[in-house]
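Heads up, input09.txt below (compact mmCIF, C-alpha atoms and all ligand atoms):
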```
# COMPACT_ATOMS: atom_id res chain seq x y z
CA MET A 1 -5.18 -38.97 -21.12
CA VAL A 2 -1.50 -40.00 -21.07
CA VAL A 3 -0.62 -42.07 -18.03
CA GLU A 4 2.81 -41.24 -16.73
CA THR A 5 4.75 -44.34 -15.74
CA ASP A 6 6.79 -44.52 -12.52
CA GLN A 7 9.92 -44.14 -14.61
CA THR A 8 8.60 -40.98 -16.25
CA GLN A 9 7.58 -39.61 -12.85
CA GLU A 10 11.04 -40.28 -11.50
CA MET A 11 12.62 -38.53 -14.44
CA LEU A 12 10.32 -35.52 -14.00
CA TYR A 13 11.18 -35.29 -10.29
CA ALA A 14 14.89 -35.51 -11.11
CA ILE A 15 14.44 -32.55 -13.48
CA ARG A 16 12.47 -30.60 -10.88
CA ASN A 17 15.20 -31.22 -8.32
CA GLN A 18 17.63 -29.28 -10.48
CA PHE A 19 15.70 -26.11 -9.58
CA PRO A 20 16.73 -25.31 -6.01
CA ILE A 21 14.26 -22.43 -5.57
CA LEU A 22 11.25 -24.72 -5.93
CA ASN A 23 12.06 -26.59 -2.76
CA GLN A 24 11.03 -24.02 -0.17
CA MET A 25 8.20 -23.12 2.18
CA VAL A 26 6.14 -19.94 2.01
CA GLY A 27 5.14 -19.62 5.65
CA LYS A 28 3.58 -22.99 6.50
CA HIS A 29 2.98 -23.97 2.88
CA PRO A 30 5.25 -25.47 0.23
CA LEU A 31 5.86 -23.03 -2.62
CA VAL A 32 3.67 -23.72 -5.65
CA TYR A 33 5.12 -21.66 -8.47
CA PHE A 34 2.54 -21.10 -11.21
CA ASP A 35 3.94 -17.84 -12.62
CA ASN A 36 6.16 -19.28 -15.33
CA ALA A 37 4.87 -17.03 -18.11
CA ALA A 38 6.26 -14.07 -16.15
CA THR A 39 9.61 -15.74 -15.61
CA THR A 40 10.85 -19.30 -15.35
CA GLN A 41 13.07 -20.59 -12.56
CA LYS A 42 16.74 -21.40 -13.09
CA PRO A 43 18.44 -24.78 -12.93
CA GLU A 44 21.56 -25.31 -10.82
CA THR A 45 23.85 -25.30 -13.88
CA VAL A 46 22.72 -21.80 -14.92
CA ILE A 47 23.12 -20.47 -11.37
CA GLN A 48 26.57 -22.04 -11.11
CA SER A 49 27.65 -20.58 -14.46
CA LEU A 50 27.01 -17.06 -13.14
CA ASP A 51 28.91 -17.77 -9.94
CA ASP A 52 31.76 -19.34 -11.87
CA TYR A 53 32.10 -16.37 -14.22
CA TYR A 54 32.25 -13.74 -11.46
CA ARG A 55 34.37 -15.92 -9.18
CA ASN A 56 36.86 -17.17 -11.73
CA TYR A 57 37.05 -15.29 -15.00
CA ASN A 58 35.33 -11.90 -14.84
CA ALA A 59 36.96 -9.56 -17.38
CA ASN A 60 35.81 -7.34 -20.21
CA ILE A 61 35.67 -9.31 -23.43
CA HIS A 62 36.55 -9.07 -27.13
CA ARG A 63 39.51 -6.71 -27.04
CA GLY A 64 41.34 -7.89 -23.96
CA ALA A 65 44.82 -9.25 -24.47
CA HIS A 66 45.00 -11.40 -21.37
CA TYR A 67 44.01 -14.79 -20.04
CA LEU A 68 40.76 -13.82 -18.30
CA ALA A 69 39.53 -11.70 -21.22
CA ASP A 70 40.24 -14.58 -23.60
CA LYS A 71 38.42 -17.04 -21.44
CA GLY A 72 35.40 -14.74 -21.14
CA THR A 73 35.35 -14.05 -24.89
CA THR A 74 35.46 -17.76 -25.69
CA ALA A 75 32.63 -18.53 -23.27
CA TYR A 76 30.47 -15.64 -24.51
CA GLU A 77 30.98 -16.44 -28.19
CA SER A 78 30.47 -20.14 -27.63
CA SER A 79 27.17 -19.26 -26.01
CA ARG A 80 26.20 -17.36 -29.17
CA LYS A 81 27.00 -20.50 -31.20
CA LYS A 82 24.92 -22.69 -28.88
CA ILE A 83 21.98 -20.35 -29.35
CA GLN A 84 22.49 -20.30 -33.10
CA GLN A 85 22.28 -24.10 -33.20
CA PHE A 86 19.40 -24.14 -30.74
CA ILE A 87 17.17 -21.92 -32.92
CA SER A 88 18.61 -23.25 -36.21
CA ALA A 89 19.88 -19.84 -37.32
CA GLU A 90 22.07 -19.86 -40.43
CA THR A 91 25.15 -18.28 -38.80
CA PRO A 92 26.21 -17.08 -35.30
CA GLU A 93 26.44 -13.50 -36.64
CA GLN A 94 22.68 -13.46 -36.97
CA VAL A 95 22.28 -14.00 -33.25
CA ILE A 96 22.36 -10.62 -31.51
CA PHE A 97 22.45 -10.37 -27.73
CA THR A 98 19.89 -7.93 -26.34
CA LYS A 99 18.39 -7.22 -22.91
CA GLY A 100 15.31 -9.22 -23.87
CA THR A 101 12.25 -9.38 -26.09
CA THR A 102 11.32 -5.75 -25.41
CA GLU A 103 14.70 -4.44 -26.48
CA GLY A 104 14.71 -6.69 -29.55
CA ILE A 105 11.39 -5.33 -30.81
CA ASN A 106 12.41 -1.74 -30.06
CA LEU A 107 15.62 -2.27 -32.00
CA ILE A 108 13.75 -3.55 -35.06
CA ALA A 109 10.90 -1.01 -34.89
CA SER A 110 13.14 2.02 -34.44
CA GLY A 111 15.48 0.83 -37.22
CA LEU A 112 12.61 0.25 -39.64
CA ALA A 113 11.05 3.62 -38.77
CA LYS A 114 14.33 5.32 -39.72
CA SER A 115 15.21 3.34 -42.80
CA TYR A 116 12.19 1.71 -44.36
CA LEU A 117 8.71 2.85 -43.30
CA LYS A 118 6.93 5.69 -45.08
CA ALA A 119 3.70 7.59 -44.57
CA GLY A 120 0.70 5.44 -45.46
CA ASP A 121 2.53 2.12 -45.02
CA GLU A 122 0.80 -0.40 -42.79
CA ILE A 123 2.16 -2.27 -39.81
CA LEU A 124 0.06 -5.29 -38.94
CA ILE A 125 0.00 -6.84 -35.46
CA THR A 126 -2.56 -9.00 -33.65
CA GLY A 127 -5.10 -8.20 -30.97
CA MET A 128 -3.30 -10.40 -28.46
CA GLU A 129 0.07 -8.66 -28.42
CA HIS A 130 2.03 -7.89 -25.30
CA HIS A 131 2.61 -4.14 -24.89
CA ALA A 132 6.19 -4.81 -26.03
CA ASN A 133 4.84 -5.64 -29.47
CA ILE A 134 2.41 -2.72 -29.61
CA VAL A 135 4.09 0.39 -28.22
CA PRO A 136 7.35 0.24 -30.28
CA TRP A 137 5.22 0.01 -33.45
CA GLN A 138 3.08 2.95 -32.34
CA MET A 139 6.29 4.89 -31.86
CA ALA A 140 7.44 3.80 -35.34
CA CYS A 141 4.08 5.01 -36.73
CA GLU A 142 4.55 8.39 -35.06
CA GLN A 143 8.01 8.73 -36.59
CA SER A 144 7.20 7.51 -40.08
CA GLY A 145 3.52 8.24 -40.67
CA ALA A 146 2.79 4.51 -41.02
CA VAL A 147 -0.55 3.17 -39.78
CA LEU A 148 -1.09 0.38 -37.25
CA LYS A 149 -3.58 -2.36 -38.17
CA VAL A 150 -4.73 -5.12 -35.83
CA ILE A 151 -5.96 -8.67 -36.51
CA PRO A 152 -8.98 -9.24 -34.25
CA VAL A 153 -9.24 -12.04 -31.69
CA LEU A 154 -12.21 -14.42 -31.68
CA ASP A 155 -14.25 -15.19 -28.55
CA ASN A 156 -12.34 -18.47 -28.02
CA GLY A 157 -9.00 -16.65 -27.96
CA GLU A 158 -7.88 -17.62 -31.46
CA LEU A 159 -6.95 -15.13 -34.15
CA ASP A 160 -9.60 -14.29 -36.72
CA LEU A 161 -7.79 -15.76 -39.70
CA GLU A 162 -10.35 -14.60 -42.23
CA ALA A 163 -9.90 -11.04 -41.02
CA ALA A 164 -6.12 -11.54 -41.12
CA GLU A 165 -6.32 -12.47 -44.77
CA LYS A 166 -8.33 -9.34 -45.54
CA LEU A 167 -6.02 -7.08 -43.53
CA MET A 168 -2.90 -8.28 -45.33
CA SER A 169 -2.17 -6.42 -48.54
CA GLU A 170 0.68 -4.89 -50.52
CA LYS A 171 0.45 -1.97 -48.09
CA THR A 172 1.50 -4.27 -45.23
CA LYS A 173 5.18 -3.42 -44.83
CA VAL A 174 5.68 -5.05 -41.43
CA PHE A 175 3.87 -7.98 -39.87
CA SER A 176 4.76 -8.55 -36.22
CA MET A 177 2.99 -11.25 -34.23
CA VAL A 178 3.15 -13.16 -31.00
CA TYR A 179 3.75 -16.90 -31.30
CA ILE A 180 2.20 -17.88 -27.96
CA SER A 181 -0.01 -15.41 -26.11
CA ASN A 182 1.24 -14.81 -22.57
CA ALA A 183 -2.27 -13.89 -21.44
CA LEU A 184 -4.34 -16.63 -23.10
CA GLY A 185 -1.87 -19.39 -23.95
CA THR A 186 -3.05 -19.45 -27.59
CA ILE A 187 -0.45 -20.93 -29.95
CA ASN A 188 -0.85 -18.97 -33.16
CA PRO A 189 -0.30 -20.42 -36.67
CA ALA A 190 2.91 -18.42 -37.02
CA LYS A 191 4.45 -20.20 -39.98
CA GLU A 192 1.32 -19.87 -42.13
CA LEU A 193 0.72 -16.21 -41.31
CA ILE A 194 4.39 -15.31 -41.77
CA ALA A 195 4.38 -16.99 -45.20
CA LYS A 196 1.27 -15.03 -46.24
CA ALA A 197 2.70 -11.70 -45.10
CA ALA A 198 6.10 -12.43 -46.65
CA ASN A 199 4.44 -13.28 -49.98
CA LEU A 200 3.01 -9.80 -50.01
CA GLY A 201 6.47 -8.38 -49.39
CA ALA A 202 6.14 -7.56 -45.67
CA ILE A 203 9.02 -7.77 -43.21
CA THR A 204 8.02 -10.35 -40.58
CA VAL A 205 8.78 -10.32 -36.86
CA LEU A 206 7.94 -13.14 -34.45
CA ASP A 207 7.67 -12.60 -30.70
CA CYS A 208 8.86 -15.92 -29.31
CA ALA A 209 8.99 -14.77 -25.66
CA GLN A 210 6.61 -17.49 -24.47
CA ALA A 211 7.36 -20.03 -27.16
CA VAL A 212 11.01 -20.63 -26.21
CA GLY A 213 10.04 -22.04 -22.81
CA HIS A 214 7.68 -24.58 -24.33
CA PHE A 215 9.06 -25.84 -27.59
CA VAL A 216 12.09 -25.71 -29.82
CA ILE A 217 12.06 -22.83 -32.27
CA ASN A 218 13.43 -23.28 -35.77
CA VAL A 219 13.74 -19.80 -37.26
CA GLN A 220 14.52 -21.01 -40.76
CA ASP A 221 11.56 -23.34 -40.82
CA LEU A 222 9.31 -20.57 -39.52
CA GLY A 223 10.64 -18.40 -42.33
CA THR A 224 10.54 -15.24 -40.25
CA ASP A 225 12.78 -12.25 -41.00
CA PHE A 226 13.23 -11.51 -37.31
CA ALA A 227 12.58 -13.44 -34.11
CA VAL A 228 12.99 -12.18 -30.54
CA PHE A 229 12.96 -13.78 -27.12
CA SER A 230 14.09 -13.35 -23.51
CA GLY A 231 16.53 -15.57 -21.62
CA HIS A 232 14.60 -15.42 -18.37
CA LYS A 233 11.59 -17.18 -19.89
CA MET A 234 13.71 -20.16 -20.98
CA PHE A 235 15.38 -21.00 -17.64
CA GLY A 236 18.18 -18.51 -18.24
CA PRO A 237 19.11 -15.26 -16.50
CA THR A 238 17.22 -11.96 -16.60
CA GLY A 239 18.67 -9.02 -18.53
CA ILE A 240 19.64 -11.07 -21.57
CA GLY A 241 17.72 -11.96 -24.71
CA ILE A 242 18.14 -12.66 -28.38
CA LEU A 243 17.33 -10.96 -31.63
CA TYR A 244 17.62 -13.22 -34.65
CA GLY A 245 17.45 -11.76 -38.14
CA LYS A 246 17.97 -12.88 -41.71
CA LYS A 247 21.35 -11.58 -42.74
CA ALA A 248 20.17 -9.15 -45.43
CA ARG A 249 17.50 -7.76 -43.10
CA LEU A 250 20.00 -7.18 -40.30
CA GLU A 251 22.47 -5.61 -42.66
CA ALA A 252 19.83 -3.21 -43.98
CA LEU A 253 18.90 -2.07 -40.47
CA PRO A 254 20.69 1.01 -39.09
CA PRO A 255 22.52 0.62 -35.76
CA TYR A 256 20.37 0.97 -32.65
CA GLN A 257 22.86 2.53 -30.26
CA GLY A 258 26.23 4.13 -30.85
CA GLY A 259 29.35 3.56 -28.77
CA GLY A 260 32.14 1.08 -28.22
CA GLU A 261 32.07 -2.37 -29.88
CA MET A 262 29.72 -1.33 -32.68
CA ILE A 263 32.30 0.64 -34.69
CA LYS A 264 35.03 -0.19 -37.14
CA GLU A 265 36.68 3.21 -37.20
CA VAL A 266 35.86 6.52 -35.57
CA THR A 267 37.03 9.99 -36.55
CA PHE A 268 35.36 13.27 -35.64
CA GLU A 269 34.24 13.54 -39.24
CA LYS A 270 32.83 10.07 -39.80
CA THR A 271 32.34 6.70 -38.17
CA THR A 272 32.14 3.36 -39.93
CA TYR A 273 30.17 0.62 -38.29
CA ASN A 274 31.25 -2.85 -37.29
CA GLU A 275 30.03 -6.08 -38.83
CA LEU A 276 27.28 -8.30 -37.51
CA PRO A 277 26.61 -9.10 -34.75
CA PHE A 278 28.68 -6.37 -33.07
CA ARG A 279 27.13 -3.41 -34.86
CA PHE A 280 24.01 -4.04 -32.76
CA GLU A 281 25.87 -4.66 -29.51
CA ALA A 282 27.15 -1.26 -28.40
CA GLY A 283 28.97 -1.04 -25.09
CA THR A 284 30.17 -3.70 -22.68
CA PRO A 285 27.82 -6.64 -23.10
CA ASN A 286 25.98 -8.50 -20.37
CA ILE A 287 28.74 -11.10 -20.29
CA ALA A 288 27.72 -13.25 -17.34
CA ASP A 289 24.11 -13.55 -18.39
CA GLY A 290 25.04 -14.18 -22.02
CA ILE A 291 27.17 -17.09 -20.84
CA GLY A 292 24.36 -18.19 -18.50
CA LEU A 293 21.94 -18.29 -21.42
CA GLY A 294 24.22 -20.79 -23.16
CA PHE A 295 23.95 -22.99 -20.07
CA ALA A 296 20.15 -22.67 -20.21
CA VAL A 297 20.30 -23.93 -23.80
CA ASP A 298 22.43 -26.89 -22.68
CA PHE A 299 19.89 -27.62 -19.99
CA ILE A 300 16.92 -27.53 -22.40
CA GLN A 301 18.76 -29.73 -24.83
CA SER A 302 19.40 -32.30 -22.10
CA LEU A 303 15.64 -32.82 -21.71
CA ASP A 304 13.62 -35.55 -23.36
CA ARG A 305 11.31 -33.32 -25.40
CA GLN A 306 8.58 -35.87 -25.93
CA THR A 307 8.19 -36.57 -22.22
CA ILE A 308 8.35 -32.89 -21.32
CA GLU A 309 5.72 -31.89 -23.86
CA ALA A 310 3.39 -34.72 -22.87
CA HIS A 311 3.75 -33.73 -19.21
CA GLU A 312 3.04 -30.06 -19.93
CA HIS A 313 0.00 -31.08 -21.91
CA GLU A 314 -1.23 -33.21 -19.03
CA LEU A 315 -0.75 -30.34 -16.57
CA LEU A 316 -2.62 -27.93 -18.84
CA LYS A 317 -5.53 -30.34 -19.11
CA LEU A 318 -5.65 -30.83 -15.33
CA ALA A 319 -5.48 -27.07 -14.62
CA THR A 320 -8.22 -26.42 -17.19
CA ASP A 321 -10.44 -29.10 -15.59
CA ILE A 322 -9.87 -27.75 -12.07
CA ILE A 323 -10.69 -24.17 -13.03
CA SER A 324 -13.66 -24.99 -15.23
CA GLN A 325 -15.14 -27.21 -12.51
CA THR A 326 -14.88 -24.48 -9.85
CA PRO A 327 -18.26 -22.71 -9.63
CA GLY A 328 -18.32 -19.07 -10.70
CA LEU A 329 -15.05 -19.14 -12.68
CA ARG A 330 -14.78 -18.48 -16.40
CA ILE A 331 -11.74 -19.29 -18.50
CA ILE A 332 -10.66 -16.59 -20.95
CA GLY A 333 -8.98 -18.20 -23.95
CA GLN A 334 -10.11 -21.67 -25.02
CA ALA A 335 -8.12 -22.01 -28.24
CA ALA A 336 -7.80 -25.51 -29.67
CA ASN A 337 -4.02 -25.16 -29.67
CA LYS A 338 -2.74 -23.90 -26.33
CA ALA A 339 0.43 -23.80 -24.26
CA SER A 340 0.42 -24.17 -20.47
CA VAL A 341 -1.48 -21.01 -19.56
CA VAL A 342 -4.97 -20.81 -18.05
CA SER A 343 -6.41 -17.34 -17.54
CA PHE A 344 -9.67 -16.97 -15.65
CA VAL A 345 -12.05 -14.49 -14.08
CA SER A 346 -14.72 -14.79 -11.41
CA ASP A 347 -18.15 -13.21 -11.44
CA LYS A 348 -17.78 -12.56 -7.69
CA ALA A 349 -14.25 -11.42 -7.04
CA HIS A 350 -11.52 -9.21 -8.47
CA PRO A 351 -8.51 -11.12 -9.88
CA SER A 352 -6.11 -9.44 -7.45
CA ASP A 353 -8.15 -10.61 -4.42
CA ILE A 354 -7.99 -14.19 -5.68
CA GLY A 355 -4.24 -13.86 -6.24
CA THR A 356 -3.61 -12.38 -2.80
CA LEU A 357 -5.56 -15.13 -1.07
CA LEU A 358 -3.85 -17.90 -3.06
CA ASP A 359 -0.52 -16.40 -2.03
CA GLN A 360 -1.52 -16.96 1.62
CA TYR A 361 -1.31 -20.68 0.78
CA GLY A 362 2.05 -20.40 -0.97
CA ILE A 363 0.55 -20.43 -4.47
CA ALA A 364 2.16 -17.94 -6.87
CA VAL A 365 -0.11 -16.87 -9.72
CA ARG A 366 -0.18 -13.60 -11.64
CA THR A 367 -3.16 -11.27 -11.71
CA GLY A 368 -3.87 -8.17 -13.77
CA HIS A 369 -3.70 -7.24 -17.43
CA HIS A 370 -0.46 -9.16 -18.15
CA CYS A 371 0.77 -6.21 -20.24
CA CYS A 372 -2.07 -6.89 -22.67
CA GLN A 373 -4.53 -4.07 -21.92
CA PRO A 374 -6.13 -4.04 -25.41
CA LEU A 375 -6.73 -7.79 -25.14
CA MET A 376 -8.35 -7.39 -21.71
CA SER A 377 -10.63 -4.69 -23.18
CA ARG A 378 -11.51 -7.05 -26.01
CA PHE A 379 -12.81 -9.54 -23.42
CA GLY A 380 -14.38 -6.81 -21.29
CA VAL A 381 -12.37 -7.67 -18.17
CA PRO A 382 -9.97 -5.52 -16.12
CA GLY A 383 -7.59 -8.44 -15.87
CA THR A 384 -7.45 -12.15 -15.17
CA VAL A 385 -5.91 -14.61 -12.76
CA ARG A 386 -3.27 -16.48 -14.72
CA VAL A 387 -1.94 -19.92 -13.92
CA SER A 388 1.11 -20.61 -16.07
CA LEU A 389 2.86 -23.94 -15.83
CA SER A 390 6.20 -25.42 -16.69
CA PHE A 391 7.50 -28.97 -16.91
CA TYR A 392 8.84 -28.82 -13.34
CA ASN A 393 5.32 -28.36 -11.99
CA THR A 394 3.57 -31.45 -10.70
CA LYS A 395 0.10 -32.94 -10.49
CA GLU A 396 0.43 -32.78 -6.70
CA GLU A 397 0.87 -29.02 -6.95
CA LEU A 398 -2.30 -28.82 -9.02
CA GLU A 399 -4.13 -30.84 -6.35
CA ILE A 400 -2.97 -28.33 -3.73
CA PHE A 401 -4.11 -25.53 -6.03
CA ALA A 402 -7.55 -27.15 -6.53
CA ARG A 403 -8.08 -27.46 -2.76
CA HIS A 404 -7.08 -23.88 -2.01
CA LEU A 405 -8.85 -22.39 -5.00
CA ASN A 406 -12.11 -23.86 -3.74
CA LYS A 407 -11.43 -22.51 -0.26
CA VAL A 408 -10.51 -19.04 -1.59
CA MET A 409 -13.57 -18.84 -3.84
CA SER A 410 -15.92 -19.79 -1.01
CA MET A 411 -14.24 -17.11 1.18
CA LEU A 412 -14.91 -14.55 -1.56
CA ALA A 413 -18.51 -15.64 -2.20
N1 LIG A 501 6.13 -10.66 -25.38
C1 LIG A 501 5.52 -11.62 -24.67
C2 LIG A 501 4.57 -12.56 -25.35
C3 LIG A 501 5.80 -11.74 -23.31
O1 LIG A 501 5.20 -12.70 -22.60
C4 LIG A 501 6.73 -10.85 -22.71
C5 LIG A 501 7.03 -10.92 -21.23
N2 LIG A 501 5.92 -11.12 -20.43
C6 LIG A 501 7.34 -9.90 -23.52
C7 LIG A 501 7.02 -9.82 -24.85
C8 LIG A 501 8.36 -8.95 -22.96
O2 LIG A 501 9.47 -9.68 -22.51
P1 LIG A 501 10.61 -8.97 -21.63
O3 LIG A 501 9.90 -8.26 -20.53
O4 LIG A 501 11.44 -10.11 -21.14
O5 LIG A 501 11.34 -8.05 -22.52
```

Representation of the structure as C-alpha cells:
Amino acid sequence: MVVETDQTQEMLYAIRNQFPILNQMVGKHPLVYFDNAATTQKPETVIQSLDDYYRNYNANIHRGAHYLADKGTTAYESSRKKIQQFISAETPEQVIFTKGTTEGINLIASGLAKSYLKAGDEILITGMEHHANIVPWQMACEQSGAVLKVIPVLDNGELDLEAAEKLMSEKTKVFSMVYISNALGTINPAKELIAKAANLGAITVLDCAQAVGHFVINVQDLGTDFAVFSGHKMFGPTGIGILYGKKARLEALPPYQGGGEMIKEVTFEKTTYNELPFRFEAGTPNIADGIGLGFAVDFIQSLDRQTIEAHEHELLKLATDIISQTPGLRIIGQAANKASVVSFVSDKAHPSDIGTLLDQYGIAVRTGHHCCQPLMSRFGVPGTVRVSLSFYNTKEELEIFARHLNKVMSMLA
C-alpha cells in the first residue's frame, strides 16, 4: 500500500478545492460524489471559461469578419490544437468536434455502412460494450448486411482473449472495443487487440469514454484508426466530444450531416465538401463547450500524473476492500487491471434500493444496467450498484461510505 505523505495529501486537497460543486451539503450530510463514470465534475477554470465566452466574446465563428468572431475562432481552434497535443494526434485536422462518444461512434458506423461494409462482412465488438458501441453497429449491420460478432467476457470481468483470437479473421472488417468498461472498470489490452485486428485488415475503433478521465491517451501509440471520447467525462463540459481518426480513414468516410461549414461549394446540381476537420462539423459548432474542453485539457495537464494515478489506485483498493468486507455483497468485475470502478450486487436487496438509501446520506452512486444490458445478462443480474471514483475523492469519503453502506445493508436485511 502506498502511504500518502502530508505533502501529497495537501496537494490532493488543493486539487479537490478547484471543484466548487464538491463542497456542499445534501441535507445534513456532506456530498460524497461517487458517480464519476457517469460524468466528472468541473474545475473552476472550465466553469470560468464558459462564463467568459458568453460574457465577453460570444459570436459565430470561422466566417465572421469582426473582432468577436475572430477571438472566438482563435479560442476554438486553439482548443482543437490543445486536444491534438493531448492525445498525440498527428495533426489538428484529425481532431473532429462531436457531441460526445455516442455521436462519434454513430458518425463512424453510419459512414462505414454507406461506404465500406458489405453483406457477410463481420463487425467485432466485445461483450462489455456500452450501448453506444453496440446499437450503431447493429444499425450498420441492418444497412449493409454485415454480421455482428462479440468477444465473450470471462467470469472475472476480463475479455476472453483466446476467443478473441478465434473470432478475428479476414472477414473482420471493423473491430470496435471499449478501452475501460464503465460497468466493471476492466482496463482492456487495447493496443494488443487493435494490432491483431489491424493485421487482419480491420478498421479499428476505440471507445475511450472512460479512459480519458483516468490516463493520458496516445492515439498513435495505440495504433487505432479511430478513437472517440466525451468532454464531460474528462472534467470538461457536456455536449462536446472528440472523434480522432487517421487521416486516410477520415478522408475515406462520407460526411455525416450536410449543411453549413461542411461544404466547399454548393450549387443546386452538385455540392463539393470541405476539408478536414470541417467536413464532419456541419452547422454552428458548440463553441463555448469546445473552448471549455481546451481548458479541461489544460487542467489535466497541470496535474502530477504519478501522484494522481497512485491516489486513484489507493482509492480503488480501499473501495474494493470496503465492499468485499460487507456481508452479503458481491463484486462484479475483478479484473487484474482495473480503473476506479467497483460494481456490486447484494443477495438481499435490489441495486436501486441500495442507491436510494445511500442518497439519504448524501452519497451519490449509480444503480442499474449502466447502458450495458448484454453485460448485465452475462452476469445474470438486472443491474449493479456502481461506485466510480476520481482523483478528487478522498479516503475520508470512503470511510463515510463504509459506515453508511453497513447501516443501509443492515436496514435492508
Ligand atoms: N462508452 C462508454 C464506455 C461510456 O462510459 C459512455 C458514457 N457512459 C459512453 C460510451 C457514451 O458516452 P456519451 O453519453 O457521453 O456519448

Hey, can you check how far atom CA of A:Gly145 sits from atom CA of A:Ala113?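 About the pair atom CA of A:Gly145 and atom CA of A:Ala113: they are 9.0 Å apart.
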
With only C-alpha atoms and all ligand atoms counted and 8 Å as the cut-off, give the residues of chain A in contact with ligand LIG 501 (chain A), each with its shortest interatomic distance in Å and the pair that gives it, as JSON lines.
```
{"residue": "A:Ala37", "atom": "CA", "partner": "A:LIG501", "partner_atom": "O1", "distance": 6.2}
{"residue": "A:Ala38", "atom": "CA", "partner": "A:LIG501", "partner_atom": "N2", "distance": 5.2}
{"residue": "A:Thr39", "atom": "CA", "partner": "A:LIG501", "partner_atom": "N2", "distance": 7.6}
{"residue": "A:Lys99", "atom": "CA", "partner": "A:LIG501", "partner_atom": "O5", "distance": 7.1}
{"residue": "A:Gly100", "atom": "CA", "partner": "A:LIG501", "partner_atom": "O5", "distance": 4.4}
{"residue": "A:Thr101", "atom": "CA", "partner": "A:LIG501", "partner_atom": "O5", "distance": 3.9}
{"residue": "A:Thr102", "atom": "CA", "partner": "A:LIG501", "partner_atom": "O5", "distance": 3.7}
{"residue": "A:Glu103", "atom": "CA", "partner": "A:LIG501", "partner_atom": "O5", "distance": 6.3}
{"residue": "A:Gly104", "atom": "CA", "partner": "A:LIG501", "partner_atom": "O5", "distance": 7.9}
{"residue": "A:Glu129", "atom": "CA", "partner": "A:LIG501", "partner_atom": "C2", "distance": 6.7}
{"residue": "A:His130", "atom": "CA", "partner": "A:LIG501", "partner_atom": "N1", "distance": 4.9}
{"residue": "A:His131", "atom": "CA", "partner": "A:LIG501", "partner_atom": "C7", "distance": 7.2}
{"residue": "A:Ala132", "atom": "CA", "partner": "A:LIG501", "partner_atom": "C7", "distance": 5.2}
{"residue": "A:Asn133", "atom": "CA", "partner": "A:LIG501", "partner_atom": "C7", "distance": 6.6}
{"residue": "A:Val178", "atom": "CA", "partner": "A:LIG501", "partner_atom": "C2", "distance": 5.9}
{"residue": "A:Tyr179", "atom": "CA", "partner": "A:LIG501", "partner_atom": "C2", "distance": 7.4}
{"residue": "A:Ile180", "atom": "CA", "partner": "A:LIG501", "partner_atom": "C2", "distance": 6.4}
{"residue": "A:Ser181", "atom": "CA", "partner": "A:LIG501", "partner_atom": "C2", "distance": 5.4}
{"residue": "A:Asn182", "atom": "CA", "partner": "A:LIG501", "partner_atom": "O1", "distance": 4.5}
{"residue": "A:Ala183", "atom": "CA", "partner": "A:LIG501", "partner_atom": "O1", "distance": 7.7}
{"residue": "A:Asp207", "atom": "CA", "partner": "A:LIG501", "partner_atom": "N1", "distance": 5.9}
{"residue": "A:Cys208", "atom": "CA", "partner": "A:LIG501", "partner_atom": "C2", "distance": 6.7}
{"residue": "A:Ala209", "atom": "CA", "partner": "A:LIG501", "partner_atom": "C1", "distance": 4.8}
{"residue": "A:Gln210", "atom": "CA", "partner": "A:LIG501", "partner_atom": "O1", "distance": 5.3}
{"residue": "A:Phe229", "atom": "CA", "partner": "A:LIG501", "partner_atom": "O2", "distance": 7.1}
{"residue": "A:Ser230", "atom": "CA", "partner": "A:LIG501", "partner_atom": "O4", "distance": 4.8}
{"residue": "A:Gly231", "atom": "CA", "partner": "A:LIG501", "partner_atom": "O4", "distance": 7.5}
{"residue": "A:His232", "atom": "CA", "partner": "A:LIG501", "partner_atom": "O4", "distance": 6.8}
{"residue": "A:Lys233", "atom": "CA", "partner": "A:LIG501", "partner_atom": "O4", "distance": 7.2}
{"residue": "A:Thr238", "atom": "CA", "partner": "A:LIG501", "partner_atom": "O4", "distance": 7.6}
{"residue": "A:Gly239", "atom": "CA", "partner": "A:LIG501", "partner_atom": "O4", "distance": 7.8}
{"residue": "A:Gly241", "atom": "CA", "partner": "A:LIG501", "partner_atom": "O4", "distance": 7.5}
{"residue": "A:His370", "atom": "CA", "partner": "A:LIG501", "partner_atom": "N2", "distance": 7.1}
{"residue": "A:Cys371", "atom": "CA", "partner": "A:LIG501", "partner_atom": "N2", "distance": 7.1}
```

Please provide the set of residues having any atom within 9 Å of A:Phe34, restricted to all atoms listed in the file, with same-chain residues fewer than 5 positions apart removed, written as a tab-separated table (two decimals) with C-alpha atoms, in the frame of the given file.
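Wrote out_0.tsv, looks like this:
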```tsv
chain	number	residue	atom	x	y	z
A	363	ILE	CA	0.55	-20.43	-4.47
A	364	ALA	CA	2.16	-17.94	-6.87
A	365	VAL	CA	-0.11	-16.87	-9.72
A	366	ARG	CA	-0.18	-13.60	-11.64
A	386	ARG	CA	-3.27	-16.48	-14.72
A	387	VAL	CA	-1.94	-19.92	-13.92
A	388	SER	CA	1.11	-20.61	-16.07
A	389	LEU	CA	2.86	-23.94	-15.83
A	390	SER	CA	6.20	-25.42	-16.69
A	393	ASN	CA	5.32	-28.36	-11.99
```

Do you have, as JSON lines, the list of residues of stretch 39-80 of chain A lying at most 12 Å from stretch 250-272 of chain A, each with its nearest atom pair and that distance in Å to one decimal, counting only C-alpha atoms and ordered by chain then number?
```
{"residue": "A:Asn60", "atom": "CA", "partner": "A:Glu261", "partner_atom": "CA", "distance": 11.5}
{"residue": "A:Ile61", "atom": "CA", "partner": "A:Glu261", "partner_atom": "CA", "distance": 10.1}
{"residue": "A:His62", "atom": "CA", "partner": "A:Glu261", "partner_atom": "CA", "distance": 8.5}
{"residue": "A:Arg63", "atom": "CA", "partner": "A:Glu261", "partner_atom": "CA", "distance": 9.1}
```

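Shortest separation to A:Leu112 among A:Gln84, A:Gln143, A:Gln325, A:Gln48 occurs at residue A:Gln143, atoms counted being only C-alpha atoms.
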
Which residue is closest to A:Ile15? Choose from A:Lys173, A:Ile308, A:Leu243, A:Ser144 and count only C-alpha atoms.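 Among A:Lys173, A:Ile308, A:Leu243, A:Ser144, it is A:Ile308 that comes nearest to A:Ile15.
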
Gap from atom CA of A:Arg279 to atom CA of A:Asp221 - Å, one decimal: 26.0 Å

Atom CA of A:Val342 to atom CA of A:Ile322, straight-line distance in Å: 10.4 Å
